[in-house]
>>> print(open('target_20.pdb').read())   # PDB, C-alpha atoms
ATOM      1  CA  GLU M  17       0.000   0.000   0.000  1.00  0.00           C
ATOM      2  CA  SER M  18       3.011   2.298   0.252  1.00  0.00           C
ATOM      3  CA  LEU M  19       2.982   2.423  -3.550  1.00  0.00           C
ATOM      4  CA  SER M  20      -0.609   3.698  -3.431  1.00  0.00           C
ATOM      5  CA  LEU M  21       0.346   6.393  -0.916  1.00  0.00           C
ATOM      6  CA  THR M  22       3.308   7.458  -3.046  1.00  0.00           C
ATOM      7  CA  THR M  23       1.027   7.727  -6.066  1.00  0.00           C
ATOM      8  CA  THR M  24      -1.540   9.817  -4.180  1.00  0.00           C
ATOM      9  CA  THR M  25       1.202  12.201  -3.091  1.00  0.00           C
ATOM     10  CA  PHE M  26       2.472  12.530  -6.645  1.00  0.00           C
ATOM     11  CA  LEU M  27      -0.940  12.995  -8.281  1.00  0.00           C
ATOM     12  CA  MET M  28      -1.853  15.689  -5.740  1.00  0.00           C
ATOM     13  CA  GLN M  29       1.290  17.561  -6.747  1.00  0.00           C
ATOM     14  CA  GLU M  30       0.427  17.052 -10.414  1.00  0.00           C
ATOM     15  CA  GLN M  31      -3.085  18.405  -9.910  1.00  0.00           C
ATOM     16  CA  GLN M  32      -1.735  21.584  -8.338  1.00  0.00           C
ATOM     17  CA  GLN M  33       0.332  22.207 -11.454  1.00  0.00           C
ATOM     18  CA  ASN M  34      -2.002  20.909 -14.153  1.00  0.00           C
ATOM     19  CA  GLU M  35      -5.732  20.244 -13.885  1.00  0.00           C
ATOM     20  CA  SER M  36      -6.162  19.365 -17.559  1.00  0.00           C
ATOM     21  CA  TYR M  37      -6.671  15.696 -16.732  1.00  0.00           C
ATOM     22  CA  PRO M  38      -8.624  13.820 -14.036  1.00  0.00           C
ATOM     23  CA  PRO M  39      -6.459  13.020 -10.979  1.00  0.00           C
ATOM     24  CA  GLY M  40      -6.236   9.290 -11.698  1.00  0.00           C
ATOM     25  CA  PHE M  41      -4.392   9.969 -14.943  1.00  0.00           C
ATOM     26  CA  VAL M  42      -0.912   9.651 -13.500  1.00  0.00           C
ATOM     27  CA  THR M  43       2.484   8.191 -14.363  1.00  0.00           C
ATOM     28  CA  ILE M  44       4.767   8.120 -11.371  1.00  0.00           C
ATOM     29  CA  PRO M  45       8.405   8.925 -12.168  1.00  0.00           C
ATOM     30  CA  ASP M  46      10.990   6.142 -12.050  1.00  0.00           C
ATOM     31  CA  THR M  47       8.198   3.713 -12.860  1.00  0.00           C
ATOM     32  CA  GLU M  48      10.243   0.512 -12.843  1.00  0.00           C
ATOM     33  CA  PHE M  49      12.019   1.506  -9.637  1.00  0.00           C
ATOM     34  CA  HIS M  50       8.701   1.847  -7.794  1.00  0.00           C
ATOM     35  CA  LEU M  51       6.611  -0.880  -9.445  1.00  0.00           C
ATOM     36  CA  GLY M  52       9.535  -3.253  -9.844  1.00  0.00           C
ATOM     37  CA  GLY M  53      10.450  -2.790  -6.203  1.00  0.00           C
ATOM     38  CA  ALA M  54       6.882  -3.586  -5.153  1.00  0.00           C
ATOM     39  CA  ARG M  55       6.818  -6.614  -7.446  1.00  0.00           C
ATOM     40  CA  GLU M  56      10.012  -8.066  -6.024  1.00  0.00           C
ATOM     41  CA  ALA M  57       9.071  -7.328  -2.419  1.00  0.00           C
ATOM     42  CA  SER M  58       5.690  -9.039  -2.818  1.00  0.00           C
ATOM     43  CA  HIS M  59       7.031 -11.900  -4.978  1.00  0.00           C
ATOM     44  CA  ALA M  60       4.384 -10.953  -7.555  1.00  0.00           C
ATOM     45  CA  TYR M  61       4.522 -12.045 -11.175  1.00  0.00           C
ATOM     46  CA  VAL M  62       3.291  -8.618 -12.241  1.00  0.00           C
ATOM     47  CA  VAL M  63       2.367  -5.301 -10.632  1.00  0.00           C
ATOM     48  CA  GLY M  64       0.464  -2.660 -12.557  1.00  0.00           C
ATOM     49  CA  TYR M  65      -1.664   0.454 -12.332  1.00  0.00           C
ATOM     50  CA  ALA M  66      -5.034   1.120 -13.961  1.00  0.00           C
ATOM     51  CA  PRO M  67      -6.780   4.498 -13.624  1.00  0.00           C
ATOM     52  CA  VAL M  68     -10.523   4.910 -13.335  1.00  0.00           C
ATOM     53  CA  VAL M  69     -11.790   6.474 -16.566  1.00  0.00           C
ATOM     54  CA  ASP M  70     -15.399   7.621 -16.371  1.00  0.00           C
ATOM     55  CA  GLY M  71     -17.700   6.274 -19.065  1.00  0.00           C
ATOM     56  CA  THR M  72     -18.028   9.507 -21.048  1.00  0.00           C
ATOM     57  CA  ASP M  73     -16.803  10.450 -24.504  1.00  0.00           C
ATOM     58  CA  GLN M  74     -14.911  13.366 -22.953  1.00  0.00           C
ATOM     59  CA  ASP M  75     -12.976  11.305 -20.412  1.00  0.00           C
ATOM     60  CA  PHE M  76     -12.207   8.568 -22.937  1.00  0.00           C
ATOM     61  CA  ALA M  77     -10.822  11.224 -25.291  1.00  0.00           C
ATOM     62  CA  LEU M  78      -8.811  12.770 -22.450  1.00  0.00           C
ATOM     63  CA  TRP M  79      -7.319   9.378 -21.632  1.00  0.00           C
ATOM     64  CA  ALA M  80      -6.344   8.787 -25.255  1.00  0.00           C
ATOM     65  CA  ASP M  81      -4.623  12.176 -25.255  1.00  0.00           C
ATOM     66  CA  TYR M  82      -2.899  11.502 -21.932  1.00  0.00           C
ATOM     67  CA  SER M  83      -1.685   7.993 -22.764  1.00  0.00           C
ATOM     68  CA  SER M  84      -0.305   9.019 -26.160  1.00  0.00           C
ATOM     69  CA  GLY M  85       1.567  11.887 -24.526  1.00  0.00           C
ATOM     70  CA  ASN M  86       3.065   9.773 -21.739  1.00  0.00           C
ATOM     71  CA  ILE M  87       3.787   6.411 -23.372  1.00  0.00           C
ATOM     72  CA  GLU M  88       7.506   7.180 -23.138  1.00  0.00           C
ATOM     73  CA  TRP M  89       7.406   5.567 -19.688  1.00  0.00           C
ATOM     74  CA  THR M  90       7.653   2.169 -21.424  1.00  0.00           C
ATOM     75  CA  ASN M  91      11.042   2.974 -22.961  1.00  0.00           C
ATOM     76  CA  GLU M  92      12.442   4.315 -19.690  1.00  0.00           C
ATOM     77  CA  ALA M  93      11.079   1.404 -17.643  1.00  0.00           C
ATOM     78  CA  TRP M  94      12.323  -1.199 -20.137  1.00  0.00           C
ATOM     79  CA  GLU M  95      15.795   0.340 -20.089  1.00  0.00           C
ATOM     80  CA  VAL M  96      15.958  -0.034 -16.306  1.00  0.00           C
ATOM     81  CA  TYR M  97      14.395  -3.506 -16.255  1.00  0.00           C
ATOM     82  CA  SER M  98      16.443  -4.951 -19.107  1.00  0.00           C
ATOM     83  CA  SER M  99      19.660  -3.508 -17.743  1.00  0.00           C
ATOM     84  CA  SER M 100      19.092  -4.980 -14.281  1.00  0.00           C
ATOM     85  CA  HIS M 101      18.197  -8.379 -15.777  1.00  0.00           C
ATOM     86  CA  GLY M 102      20.841  -8.441 -18.502  1.00  0.00           C
ATOM     87  CA  LEU M 103      18.249  -8.541 -21.293  1.00  0.00           C
ATOM     88  CA  ASN M 104      17.740  -7.047 -24.706  1.00  0.00           C
ATOM     89  CA  GLU M 105      14.575  -7.000 -26.812  1.00  0.00           C
ATOM     90  CA  GLY M 106      15.680 -10.025 -28.820  1.00  0.00           C
ATOM     91  CA  ASP M 107      16.127 -12.120 -25.675  1.00  0.00           C
ATOM     92  CA  VAL M 108      12.504 -11.835 -24.619  1.00  0.00           C
ATOM     93  CA  ALA M 109      10.249 -14.652 -25.779  1.00  0.00           C
ATOM     94  CA  LEU M 110       6.801 -13.121 -25.524  1.00  0.00           C
ATOM     95  CA  GLU M 111       4.127 -15.674 -24.699  1.00  0.00           C
ATOM     96  CA  ILE M 112       1.194 -13.296 -24.382  1.00  0.00           C
ATOM     97  CA  ASP M 113      -2.078 -14.668 -25.686  1.00  0.00           C
ATOM     98  CA  ASP M 114      -2.665 -12.841 -28.984  1.00  0.00           C
ATOM     99  CA  ALA M 115      -6.276 -12.229 -28.012  1.00  0.00           C
ATOM    100  CA  HIS M 116      -5.109 -10.262 -24.983  1.00  0.00           C
ATOM    101  CA  ALA M 117      -2.431  -8.091 -26.564  1.00  0.00           C
ATOM    102  CA  ALA M 118      -2.427  -5.210 -29.005  1.00  0.00           C
ATOM    103  CA  GLN M 119       0.214  -5.685 -31.698  1.00  0.00           C
ATOM    104  CA  THR M 120       0.947  -1.949 -31.729  1.00  0.00           C
ATOM    105  CA  PHE M 121       0.332   0.717 -29.104  1.00  0.00           C
ATOM    106  CA  SER M 122      -3.112   2.292 -29.237  1.00  0.00           C
ATOM    107  CA  PRO M 123      -3.885   5.408 -27.179  1.00  0.00           C
ATOM    108  CA  ASP M 124      -7.530   4.333 -27.044  1.00  0.00           C
ATOM    109  CA  ILE M 125      -8.997   1.992 -24.443  1.00  0.00           C
ATOM    110  CA  TRP M 126      -9.587  -1.345 -26.141  1.00  0.00           C
ATOM    111  CA  VAL M 127     -11.296  -4.662 -25.570  1.00  0.00           C
ATOM    112  CA  VAL M 128     -11.590  -7.993 -27.335  1.00  0.00           C
ATOM    113  CA  GLN M 129     -14.638  -8.756 -29.441  1.00  0.00           C
ATOM    114  CA  VAL M 130     -15.380 -12.468 -29.788  1.00  0.00           C
ATOM    115  CA  PHE M 131     -17.682 -14.213 -32.263  1.00  0.00           C
ATOM    116  CA  ASP M 132     -18.848 -17.798 -32.444  1.00  0.00           C
ATOM    117  CA  GLU M 133     -18.805 -19.902 -35.597  1.00  0.00           C
ATOM    118  CA  ASP M 134     -22.202 -18.524 -36.617  1.00  0.00           C
ATOM    119  CA  GLY M 135     -20.971 -14.949 -36.407  1.00  0.00           C
ATOM    120  CA  ASN M 136     -22.806 -14.151 -33.171  1.00  0.00           C
ATOM    121  CA  GLU M 137     -20.948 -12.017 -30.628  1.00  0.00           C
ATOM    122  CA  ILE M 138     -20.033 -13.749 -27.372  1.00  0.00           C
ATOM    123  CA  ILE M 139     -20.087 -11.785 -24.126  1.00  0.00           C
ATOM    124  CA  TYR M 140     -16.361 -11.470 -23.480  1.00  0.00           C
ATOM    125  CA  ASP M 141     -14.641 -12.139 -20.164  1.00  0.00           C
ATOM    126  CA  ALA M 142     -10.841 -11.880 -20.074  1.00  0.00           C
ATOM    127  CA  GLU M 143     -10.639 -14.711 -17.544  1.00  0.00           C
ATOM    128  CA  LYS M 144     -12.249 -17.244 -19.873  1.00  0.00           C
ATOM    129  CA  CYS M 145     -10.537 -19.181 -22.632  1.00  0.00           C
ATOM    130  CA  TYR M 146     -11.823 -18.760 -26.174  1.00  0.00           C
ATOM    131  CA  SER M 147     -10.241 -21.272 -28.517  1.00  0.00           C
ATOM    132  CA  ASN M 148     -10.951 -22.447 -32.050  1.00  0.00           C
ATOM    133  CA  GLU M 149      -9.791 -25.969 -31.228  1.00  0.00           C
ATOM    134  CA  HIS M 150     -12.509 -26.235 -28.597  1.00  0.00           C
ATOM    135  CA  GLY M 151     -15.087 -24.860 -31.003  1.00  0.00           C
ATOM    136  CA  ALA M 152     -15.794 -21.859 -28.803  1.00  0.00           C
ATOM    137  CA  VAL M 153     -14.846 -19.072 -31.127  1.00  0.00           C
ATOM    138  CA  ALA M 154     -14.436 -18.410 -34.822  1.00  0.00           C
ATOM    139  CA  GLU M 155     -12.919 -14.949 -34.554  1.00  0.00           C
ATOM    140  CA  ALA M 156     -11.464 -12.600 -31.932  1.00  0.00           C
ATOM    141  CA  VAL M 157     -10.513  -9.010 -32.720  1.00  0.00           C
ATOM    142  CA  ASN M 158      -9.327  -6.024 -30.731  1.00  0.00           C
ATOM    143  CA  VAL M 159     -11.743  -3.095 -30.889  1.00  0.00           C
ATOM    144  CA  GLN M 160     -12.082   0.296 -29.257  1.00  0.00           C
ATOM    145  CA  GLU M 161     -14.113   0.249 -26.045  1.00  0.00           C
ATOM    146  CA  ASP M 162     -17.484   2.001 -26.047  1.00  0.00           C
ATOM    147  CA  PRO M 163     -17.660   4.672 -23.290  1.00  0.00           C
ATOM    148  CA  SER M 164     -21.325   3.834 -22.733  1.00  0.00           C
ATOM    149  CA  ASN M 165     -20.229   0.498 -21.224  1.00  0.00           C
ATOM    150  CA  GLY M 166     -19.332   2.405 -18.084  1.00  0.00           C
ATOM    151  CA  PRO M 167     -16.153   3.355 -16.236  1.00  0.00           C
ATOM    152  CA  ALA M 168     -13.058   1.689 -17.655  1.00  0.00           C
ATOM    153  CA  ALA M 169      -9.791   0.563 -16.091  1.00  0.00           C
ATOM    154  CA  PRO M 170      -7.131   0.609 -18.820  1.00  0.00           C
ATOM    155  CA  ILE M 171      -3.862  -1.125 -17.982  1.00  0.00           C
ATOM    156  CA  TRP M 172      -1.216   1.594 -17.821  1.00  0.00           C
ATOM    157  CA  THR M 173       2.099   1.333 -16.000  1.00  0.00           C
ATOM    158  CA  MET M 174       3.279  -2.166 -15.161  1.00  0.00           C
ATOM    159  CA  SER M 175       6.275  -4.238 -14.130  1.00  0.00           C
ATOM    160  CA  PRO M 176       7.719  -6.106 -15.881  1.00  0.00           C
ATOM    161  CA  PRO M 177       7.305  -3.420 -18.554  1.00  0.00           C
ATOM    162  CA  PRO M 178       6.541  -4.370 -22.160  1.00  0.00           C
ATOM    163  CA  PRO M 179       9.552  -4.267 -24.508  1.00  0.00           C
ATOM    164  CA  PRO M 180       9.282  -1.275 -26.891  1.00  0.00           C
ATOM    165  CA  GLY M 181       7.509  -2.092 -30.122  1.00  0.00           C
ATOM    166  CA  LYS M 182       6.276  -5.479 -28.895  1.00  0.00           C
ATOM    167  CA  PRO M 183       2.674  -6.625 -28.288  1.00  0.00           C
ATOM    168  CA  SER M 184       1.385  -5.488 -24.912  1.00  0.00           C
ATOM    169  CA  GLN M 185      -1.769  -5.135 -22.850  1.00  0.00           C
ATOM    170  CA  ILE M 186      -1.456  -1.362 -22.354  1.00  0.00           C
ATOM    171  CA  ASN M 187      -4.906   0.274 -22.451  1.00  0.00           C
ATOM    172  CA  PHE M 188      -6.748  -3.054 -22.331  1.00  0.00           C
ATOM    173  CA  ASN M 189      -9.882  -2.462 -20.246  1.00  0.00           C
ATOM    174  CA  LEU M 190      -9.505  -4.556 -17.102  1.00  0.00           C
ATOM    175  CA  GLN M 191     -13.186  -4.080 -16.326  1.00  0.00           C
ATOM    176  CA  ARG M 192     -13.699  -6.837 -18.923  1.00  0.00           C
ATOM    177  CA  SER M 193     -12.046  -9.218 -16.442  1.00  0.00           C
ATOM    178  CA  SER M 194     -14.650 -10.661 -14.099  1.00  0.00           C
ATOM    179  CA  PHE M 195     -12.027 -11.081 -11.375  1.00  0.00           C
ATOM    180  CA  PHE M 196     -10.914  -7.454 -11.606  1.00  0.00           C
ATOM    181  CA  ALA M 197     -14.466  -6.116 -11.804  1.00  0.00           C
ATOM    182  CA  THR M 198     -15.530  -8.121  -8.758  1.00  0.00           C
ATOM    183  CA  SER M 199     -12.475  -7.027  -6.789  1.00  0.00           C
ATOM    184  CA  ALA M 200     -12.922  -3.370  -7.792  1.00  0.00           C
ATOM    185  CA  GLU M 201     -16.531  -3.470  -6.590  1.00  0.00           C
ATOM    186  CA  THR M 202     -15.391  -4.858  -3.237  1.00  0.00           C
ATOM    187  CA  VAL M 203     -12.661  -2.223  -2.950  1.00  0.00           C
ATOM    188  CA  GLN M 204     -15.182   0.525  -3.728  1.00  0.00           C
ATOM    189  CA  LYS M 205     -17.289  -0.594  -0.762  1.00  0.00           C
ATOM    190  CA  SER M 206     -14.518  -1.386   1.712  1.00  0.00           C
ATOM    191  CA  ARG M 207     -12.010   1.265   0.533  1.00  0.00           C
ATOM    192  CA  LYS M 208      -9.289  -1.239   1.391  1.00  0.00           C
ATOM    193  CA  SER M 209      -7.102  -3.696  -0.477  1.00  0.00           C
ATOM    194  CA  THR M 210      -8.651  -7.028  -1.382  1.00  0.00           C
ATOM    195  CA  PHE M 211      -7.621 -10.257  -3.055  1.00  0.00           C
ATOM    196  CA  ILE M 212      -9.390 -13.015  -4.933  1.00  0.00           C
ATOM    197  CA  ASP M 213      -8.365 -16.384  -6.365  1.00  0.00           C
ATOM    198  CA  VAL M 214      -7.640 -16.313 -10.068  1.00  0.00           C
ATOM    199  CA  CYS M 215      -7.207 -19.057 -12.644  1.00  0.00           C
ATOM    200  CA  SER M 216      -3.777 -20.564 -13.176  1.00  0.00           C
ATOM    201  CA  ASP M 217      -3.140 -18.924 -16.542  1.00  0.00           C
ATOM    202  CA  THR M 218      -2.704 -15.169 -16.260  1.00  0.00           C
ATOM    203  CA  LYS M 219      -0.137 -14.764 -19.022  1.00  0.00           C
ATOM    204  CA  TRP M 220      -2.345 -12.121 -20.645  1.00  0.00           C
ATOM    205  CA  TYR M 221      -1.235  -9.835 -17.809  1.00  0.00           C
ATOM    206  CA  ASN M 222       2.404 -10.581 -18.307  1.00  0.00           C
ATOM    207  CA  PRO M 223       4.936 -11.760 -20.938  1.00  0.00           C
ATOM    208  CA  GLN M 224       5.896 -14.607 -18.623  1.00  0.00           C
ATOM    209  CA  SER M 225       3.798 -17.753 -18.437  1.00  0.00           C
ATOM    210  CA  HIS M 226       3.289 -19.353 -15.020  1.00  0.00           C
ATOM    211  CA  GLU M 227       1.218 -22.393 -15.814  1.00  0.00           C
ATOM    212  CA  ASN M 228       0.069 -24.914 -13.228  1.00  0.00           C
ATOM    213  CA  THR M 229       0.239 -22.413 -10.387  1.00  0.00           C
ATOM    214  CA  ILE M 230      -2.519 -21.035  -8.196  1.00  0.00           C
ATOM    215  CA  GLU M 231      -2.444 -17.262  -8.230  1.00  0.00           C
ATOM    216  CA  VAL M 232      -4.175 -14.411  -6.447  1.00  0.00           C
ATOM    217  CA  LEU M 233      -5.231 -11.039  -7.818  1.00  0.00           C
ATOM    218  CA  VAL M 234      -4.520  -8.340  -5.225  1.00  0.00           C
ATOM    219  CA  LEU M 235      -6.189  -4.966  -5.755  1.00  0.00           C
ATOM    220  CA  THR M 236      -5.270  -1.769  -3.880  1.00  0.00           C
ATOM    221  CA  PRO M 237      -7.153   1.527  -4.268  1.00  0.00           C
ATOM    222  CA  VAL M 238      -5.459   4.811  -5.145  1.00  0.00           C
ATOM    223  CA  PHE M 239      -7.180   7.914  -3.738  1.00  0.00           C
ATOM    224  CA  ASP M 240      -7.152  11.490  -5.015  1.00  0.00           C
ATOM    225  CA  SER M 241      -6.200  12.847  -1.579  1.00  0.00           C
ATOM    226  CA  PHE M 242      -5.605  11.806   2.018  1.00  0.00           C
ATOM    227  CA  GLU M 243      -9.017  13.047   3.147  1.00  0.00           C
ATOM    228  CA  LYS M 244     -11.422  10.576   4.758  1.00  0.00           C
ATOM    229  CA  ASP M 245     -13.909  10.872   1.886  1.00  0.00           C
ATOM    230  CA  ALA M 246     -11.303  10.898  -0.894  1.00  0.00           C
ATOM    231  CA  ALA M 247     -12.384   9.431  -4.227  1.00  0.00           C
ATOM    232  CA  ILE M 248     -10.867   6.234  -5.622  1.00  0.00           C
ATOM    233  CA  VAL M 249      -9.244   7.284  -8.913  1.00  0.00           C
ATOM    234  CA  GLY M 250      -7.281   4.154  -9.786  1.00  0.00           C
ATOM    235  CA  HIS M 251      -6.100   0.746  -8.639  1.00  0.00           C
ATOM    236  CA  TYR M 252      -2.818  -1.091  -8.330  1.00  0.00           C
ATOM    237  CA  PHE M 253      -3.132  -4.754  -9.211  1.00  0.00           C
ATOM    238  CA  ALA M 254      -0.722  -7.583  -8.528  1.00  0.00           C
ATOM    239  CA  VAL M 255      -0.780 -11.225  -9.566  1.00  0.00           C
ATOM    240  CA  VAL M 256       0.848 -13.140  -6.716  1.00  0.00           C
ATOM    241  CA  PRO M 257       1.444 -16.896  -6.343  1.00  0.00           C
ATOM    242  CA  TRP M 258      -0.854 -18.325  -3.670  1.00  0.00           C
ATOM    243  CA  LYS M 259       2.094 -20.068  -2.009  1.00  0.00           C
ATOM    244  CA  THR M 260       3.460 -16.641  -1.033  1.00  0.00           C
ATOM    245  CA  PHE M 261       0.824 -16.436   1.685  1.00  0.00           C
ATOM    246  CA  PHE M 262       1.750 -19.792   3.280  1.00  0.00           C
TER     247      PHE M 262
END
>>> encode(input="target_20.pdb", output="structure tokens")
Amino acid sequence: ESLSLTTTTFLMQEQQQNESYPPGFVTIPDTEFHLGGAREASHAYVVGYAPVVDGTDQDFALWADYSSGNIEWTNEAWEVYSSSHGLNEGDVALEIDDAHAAQTFSPDIWVVQVFDEDGNEIIYDAEKCYSNEHGAVAEAVNVQEDPSNGPAAPIWTMSPPPPPGKPSQINFNLQRSSFFATSAETVQKSRKSTFIDVCSDTKWYNPQSHENTIEVLVLTPVFDSFEKDAAIVGHYFAVVPWKTFF
């Protein structure tokens, strides 16, 4: 939760200097230092931040403008991460499910649209598996999210960071994950961190595959101030192996 407090401090400073964007639109400096440190300390597979973007055309457009203007964080974070791990872009074998990754960066919030073999759209849930070999889906495409579907939670900063120019989940709407949506609803009521069991394959969060493991999604709220009635403007999420707790 110290990461959440650090982010609240930073976004409050940002708001004093620039009120062009909602307070949850934030990119903390030294991203990999902070998120990577939290990831290693918690033994998480991935740690990331997703702002709350209200379901209006205006806020969706503001987010597209903000994310396109601040995407440089990926280059800076990858430089730190790759240097500390002795990696280069060619060394990374990305195993992200194609249905959960955009091939090129899009400043718009996006989701996956799934159709069955008869061309009918299937209600999409990021935690479910849609596979041709099981006859569940004929086509899956990435499309821009519709603001009328309600508040969105686009994946933004994360550790490990995506290698520049490679497929990534940046701006994927996490509200299309039933686990995230359920956790976010609980956090909204309790205003405290929560965790929930997740399925064993969460590689769509992260370039690394951790099959045959039981994992937990931990969600921590980020507030717009330190006041008692402060609004939740974003969430930090972490995918942690269940064995960490025992």
>>> resolve_selection(input="target_20.pdb", expression="the PyMOL selection byres ((chain M and resi 88) around 12)", output="PyMOL selection string")
chain M and resi 43+45-47+82-87+89-95+121+172-173+177-181
>>> resolve_selection(input="target_20.pdb", expression="the PyMOL selection byres ((chain M and resi 231) around 6)", output="PyMOL selection string")
chain M and resi 214+230+232+256-258
>>> axis_aligned_box(input="target_20.pdb", around="stretch 94-104 of chain M", padding_each_side="4 Å", output="lines of an AutoDock Vina configuration file")
center_x = 16.6
center_y = -4.1
center_z = -19.5
size_x = 16.5
size_y = 16.9
size_z = 18.4
>>> resolve_selection(input="target_20.pdb", expression="the PyMOL selection byres ((chain M and resi 55-68) around 7)", output="ChimeraX atom specification")
/M:40-41,51-54,69-70,167-176,222,249-257
>>> atom_distance(input="target_20.pdb", atom1="atom CA of M:Phe195", atom2="atom CA of M:Met28")
29.2 Å
>>> residues_around(input="target_20.pdb", residues="M:Ser36", least_positions_apart="4", cutoff="12 Å", atoms="only C-alpha atoms", output="VMD selection string")
chain M and resid 30 to 32 40 to 42 74 to 75 78 to 79 81 to 82
